[in-house]
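Reading through the structure tokens given below for one structure.
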Amino acid sequence: MKTRYVLTAIVLAGLAWLPPVFAKTLVFCSEGSPEGFNPSLYTAGTTFDASSRAMFDRLVHFKRGTTVIEPGLAESWEVSADGLFYTFNLRKGVKFHTNKDFQPTRGFNADDVLYSFERQWKQDHRDHKLSGGTYEYFNSMDMPNLLKSIVKVDDYTVRFVLNEPEAPFIANMGMDFASILSAEYADKMNAAGTPDKIDLEPIGSGPFQLLSYQKDAVIRYRAHAEYWLGKPAIDNLVFSITPDAAVRYAKLKKGECHVMPYPNPADLAAMQQDPDIQLLEQEGLNIGYLAFNTVKKPFDDRRVRQALNYAINKQAIIDAIYLGAGVAAKNPIPPTIWSYDDATKDYPYDPGKAKALLNQAGYTNGFDTDIWAMPVQRPYNPNARRMAEMIQADFAKVNVNAKIVTFEWGEYLKRSKAGEHQTVLLGWTGDNGDPDNFLHVLLGCAAAKGANRARWCHRPFDDLILRAKRTPDVTKRTELYKKAQAIFKQEAPWVTIAHSVVFKPIRKEVVDFRIDPFGGHIFYGVDLRP
Amino acid sequence: MAPRAGAPLFRMIRFLLTRISLIAPTFFGVTLLTFALVRLVPGDPVELLVGERGIDPARHAMLRAELGLDKPLLVQYGTYINQVLHGDLGKSIVTKTPVLQEFLTLFPATIEISLCAILFALVIGIPVGILAAVRRGSVFDYLAMGFSLTGYSMPIFWWALLLILMFSVTLGWTPVSGRISVFFYFEPVTGFMLIDSLLSGQKGAFSSAASHLVLPSVALGTIPLAIIARMTRSSMLEVLNEDYIRTARAKGLAPWRIIILHALRNALIPVITVVGLAVGVLFAGAILTETIFAWPGVGKWLVESVRRRDYPVLQGGVLLVASVVMLVNLLVDVLYGLINPRIRHQR
């Protein structure tokens with residue numbers, strides 16, 4: 001007996017000498033504060049990083065680091081031949097998070113899907129008006145017009161009925177606004193008289209669970225131990241909110257954070273040299289362009305648009321503005337999107353040819369115009385003002401005298417949407433990896449008084465993208481989109497300038513972090529080396 | 001004797017009432033100014049909310065109506081004033097949280113950093129000012145005044161980054177930013193990290209919180225330090241030439257007694273006024289310091305609300321900050337009245 005005690009004591013003493021097992025905590029120096037934690041209410045990427053991408057699941061997911069769709073909370077789905085019925089077979093055994101007010105009594109089922117969509121869609125839904133009730137992404141993806149009904153077939157089958165066929169619908173279901181919230185929690189909070197908690201302390205089924213948020217300072221998450229894809233490799237996830245890029249870099253260098261977004265382009269060279277930092281890079285899912293107002297003279301003439309495409313020295317712009325972190329764009333969609341037509345020939349820099357075309361169009365002595373330049377830095381355009389100056393100089397060489405115009409950002413968006421410009425610099429970052437999200441949203445006739453800043457409505461092009469929208473088969477859609485890209489290039493409503501390259505500096509000890517083409521930061525699947 | 005003791009008290013009360021009656025028009029002035037300014041600046045909160053994506057005109061109009069932005073400006077202002085008088089500052093357009101609640105969450109962080117900054121400025125500024133005055137014309141005097149002029153002219157943004165690069169990145173003495181290491185986790189009780197870290201009982205939490213305060217306090221305290229040092233010096237020089245100081249010297253008192261007990265007490269009076277005025281400077285400086293050091297205070301919050309045209313936060317936030325500045329100035333005036341010997345001599 002005594003020997004046993006002695007042995008136990010020795011073993012315990014030995015254990016005490018072992019190094020303690022530390023929980024793995026990954027710190028992300030995020031660039032700003034989330035607007036809130038219910039992703040369906042907001043539109044900012046910063047908010048999605050902190051909400052949908054960490055805490056929630058969707059019916060379908062995008063394979064990490066790609067735009068490829070894979071099953072999420074739906075194990076599988078069927079689309080009817082007419083493209084109007086989407087039936088999702090839901091995954092069983094998915095567990096929701098718990099918090100001090102809520103212990104789920106059931107796993108995920110069809111009621112949660114109905115709750116998450118109907119709350120956004122139906123104005124008479126009990127929770128529609130909660131937290132301001134603005135569901136801008138749901139609305140901007142045209143969901144209210146697209147949806148006819150959502151039917152609960154049984155506990156694990158949900159059918160979406162559409163008013164018209166919409167091939168990108170599955171991709172839409174992978175977007176942040178389509179995150180699935182717990183209906184049981186919503187009911188419970190309503191019954192308790194604290195409905196605000198549904199959005200302030202939300203319950204999802206995602207890989208991380210919200211622990212606490214100290215406004216503008218720190219967001220803390222704990223790994224969801226019962227996550228249906230398996231417990232995350234890291235135990236804790238912390239967002240340390242750091243708005244200044246130079247300070248984020250200082251924190252990364254010092255090891256106060258492991259991953260930082262949006263580095264200063266000027267710091268990239270030093271980051272590459274730093275032995276503690278890995279600099280990941282990937283072409284972004286974006287496009288920066290100059291749109292001609294095609295309903296105004298002289299840009300209603302295709303030859304003028306083509307001429308100015310020849311007049312711009314694109315490579316010089318990419319070298320000077322993107323500092324090498326950009327690739328010349330020849331199509332309106334980025335090369336990482338399926339159906340991208342690599343065979344497209346871009347307009348080479350040729351001022352002689354530009355002048356000849358302007359001559360043909362009757363503008364031998366050139367003309368006066370304007371170039372609108374954004375007042376803000378965007379992922380697809382780091383310095384629009386400087387870019388406008390370079391374009392202005394290029395235009396001057398072909399006798400086109402351009403004045404640079406700029407407004408406050410909100411005003412800029414509003415006025416350019418109203419078509420007050422002659423030419424305007426803008427861009428786009430993809431939402432769901434579908435070509436429709438660029439071609440229809442930015443160049444379709446339906447958007448000619450909205451996001452289509454060229455106000456370009458060209459029937460042959462529009463017919464192709466509308467047909468593609470209604471065709472479920474990807475091979476057929478690819479063919480249609482390639483034809484549409486050829487027409488786009490020929491008609492030249494834009495000068496496609498560049499797709500920017502996204503850089504992500506991370507510490508050496510971070511394992512398997514992948515750049516998200518949608519610009520998000522996803523920490524499930526990421527590990528830390530001891 | 002009673003009426004004689006009551007007279008200054010009466011004067012004090014009258015003084016206070018005059019000051020307080022001045023607060024009401026200032027308060028309305030601030031509401032009018034912020035209301036007008038945020039609307040004069042171009043930009044539409046709804047457009048900014050949706051970005052490049054855009055929004056259809058009907059929905060745009062609906063959202064503006066929900067925010068009350070469709071009504072005539074005078075009506076909007078009337079509604080706003082009515083709300084304010086009922087203690088309702090509205091909800092943030094972006095986060096949908098009540099403005100007052102957001103302010104109360106963030107304000108302790110701003111007070112904490114401001115207090116530390118002013119403490120830093122006083123602890124260094126006053127002795128430097130005294131020494132410079134006593135050793136007038138010496139190398140120390142020139143150096144001190146040269147440095148304080150540099151400090152006064154230093155752009156905070158640049159100075160703060162320089163401090164981080166020097167002390168955090170190169171020397172590794174202080175953390176880069178934030179209020180406490182992310183490895184400490186406790187619910188805020190008072191909102192003051194120094195106190196909360198002590199209350200948490202977690203080992204090392206207090207020293208972590210204190211080390212996080214060093215650089216922001218230095219960055220924010222540099223300009224007040226420069227002002228205080230220069231003010232102390234000139235005020236000291238003035239006092240040192242007074243007759244009573246000469247008398248004290250003639251009496252053969254020890255030089256340090258003359259400086260500390262006789263000269264400094266009077267020299268500090270204008271310094272207190274400067275400290276009161278510095279509160280406004282501190283809030284202005286906090287906007288930049290908080291952004292750089294990722295310090296979750298009201299400065300950073302207001303900057304963000306300008307960017308997003310979050311009208312309720314801008315109006316309510318500026319009003320609250322202005323109220324605090326007014327209150328501090330009132331307190332300083334009272335303090336000034338209490339310690340100014342000339343008022344006592346009027347008995």
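If you're wondering about the labels, chains in the structure tokens are A, B, ... by order shown, residues count from 1 in each chain, ligands from 1 in order shown.
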Exercise for the section: Define the interface residues of chain B facing chain A as those within 9 Å, counting only C-alpha atoms, and report them as a PyMOL selection string. Expected result: chain B and resi 41-56+59+63+66+93-97+102+105-106+161+164-165+168-169+172+175-179+181-183+185+187-188+291-297+300-301
Exercise for the section: Extract, using only C-alpha atoms, all DNA, RNA and protein residues at most 7 Å from segment 187-199 of chain A, discarding same-chain residues fewer than 2 positions from it, and format them as a PyMOL selection string. Expected result: chain A and resi 37-38+131+183-185+201-202
Problem - From B:Pro255, B:Pro312, B:Gly337, B:Gly221, residue lying nearest Ala121 of chain B [only C-alpha atoms] - result: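 That would be B:Gly221, the residue with the smallest distance to Ala121 of chain B.
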Practice task
Quick one: everything within 12 Å of Val189 of chain B, counting only C-alpha atoms, minus sequence neighbours fewer than 4 positions away in the same chain. Send it as a PyMOL selection string.
Solution key: chain B and resi 105+108+193-200
Atoms kept (N, CA, C and O atoms) for selection, written as a tab-separated table (two decimals), in the first residue's frame:
```tsv
chain	number	residue	atom	x	y	z
B	105	THR	N	-19.81	52.69	-22.94
B	105	THR	CA	-18.88	51.56	-23.03
B	105	THR	C	-17.47	52.04	-23.33
B	105	THR	O	-16.50	51.50	-22.81
B	108	PRO	N	-14.82	55.21	-20.62
B	108	PRO	CA	-13.77	54.95	-19.61
B	108	PRO	C	-12.39	54.79	-20.23
B	108	PRO	O	-11.40	55.24	-19.65
B	193	MET	N	-9.22	49.78	-17.35
B	193	MET	CA	-8.49	48.52	-17.42
B	193	MET	C	-7.56	48.34	-16.22
B	193	MET	O	-7.39	47.22	-15.73
B	194	LEU	N	-6.97	49.44	-15.72
B	194	LEU	CA	-6.04	49.32	-14.58
B	194	LEU	C	-6.79	48.76	-13.37
B	194	LEU	O	-6.28	47.89	-12.65
B	195	ILE	N	-8.00	49.25	-13.14
B	195	ILE	CA	-8.78	48.79	-11.99
B	195	ILE	C	-9.31	47.39	-12.24
B	195	ILE	O	-9.19	46.50	-11.39
B	196	ASP	N	-9.87	47.18	-13.44
B	196	ASP	CA	-10.45	45.87	-13.75
B	196	ASP	C	-9.41	44.76	-13.69
B	196	ASP	O	-9.70	43.65	-13.26
B	197	SER	N	-8.18	45.09	-14.13
B	197	SER	CA	-7.15	44.05	-14.13
B	197	SER	C	-6.78	43.70	-12.69
B	197	SER	O	-6.49	42.54	-12.38
B	198	LEU	N	-6.81	44.70	-11.79
B	198	LEU	CA	-6.55	44.41	-10.37
B	198	LEU	C	-7.68	43.56	-9.79
B	198	LEU	O	-7.45	42.58	-9.08
B	199	LEU	N	-8.92	43.96	-10.13
B	199	LEU	CA	-10.07	43.25	-9.59
B	199	LEU	C	-10.13	41.80	-10.08
B	199	LEU	O	-10.63	40.91	-9.39
B	200	SER	N	-9.61	41.58	-11.30
B	200	SER	CA	-9.69	40.23	-11.87
B	200	SER	C	-8.87	39.24	-11.05
B	200	SER	O	-9.15	38.04	-11.05
```
Problem - Phe367 of chain A surroundings by only C-alpha atoms, 10 Å radius, close-in-sequence under 4 positions cut, as a PyMOL selection string - result: chain A and resi 298+358+363+395-396+398-402
Handout entry: Polymer residues at most 8 Å from segment 229-239 of chain B, only C-alpha atoms, same-chain spacing of 5 or more positions, as a PyMOL selection string
Key = chain B and resi 124-134+145+148+245+263-264+266-268+270-271+274
Problem - DSSP strand (DSSP E) selection over segment 415-448 of chain A, as JSON, numbers by chain - result: {"A": [423, 424, 425, 426, 427, 428, 429]}
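Using only C-alpha atoms, the residues found no farther than 12 Å from Val321 of chain B, other than those of its own chain fewer than 6 positions away, are Phe27, Val30, Thr31, Thr34, Leu100, Phe103, Leu104, Leu106, Phe107, Thr110, Ile111, Val279, Gly280, Leu282, Phe283, Ala284, Ala286, Ile287, Gly297, Val298, Gly299, Trp301, Leu302, Val313, Leu314, Gln315, Leu327 and Val328 of chain B.
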Exercise for the section: Grab the atom CA of Glu281 of chain A to atom CA of Tyr340 of chain A distance for me, in Å with one decimal place. Expected result: 20.4 Å
Practice task
Give me every helix (DSSP H, G or I) residue in segment 334-426 of chain A, going by DSSP on the backbone, as a PyMOL selection string.
Solution key: chain A and resi 351-360+384-397+409-417
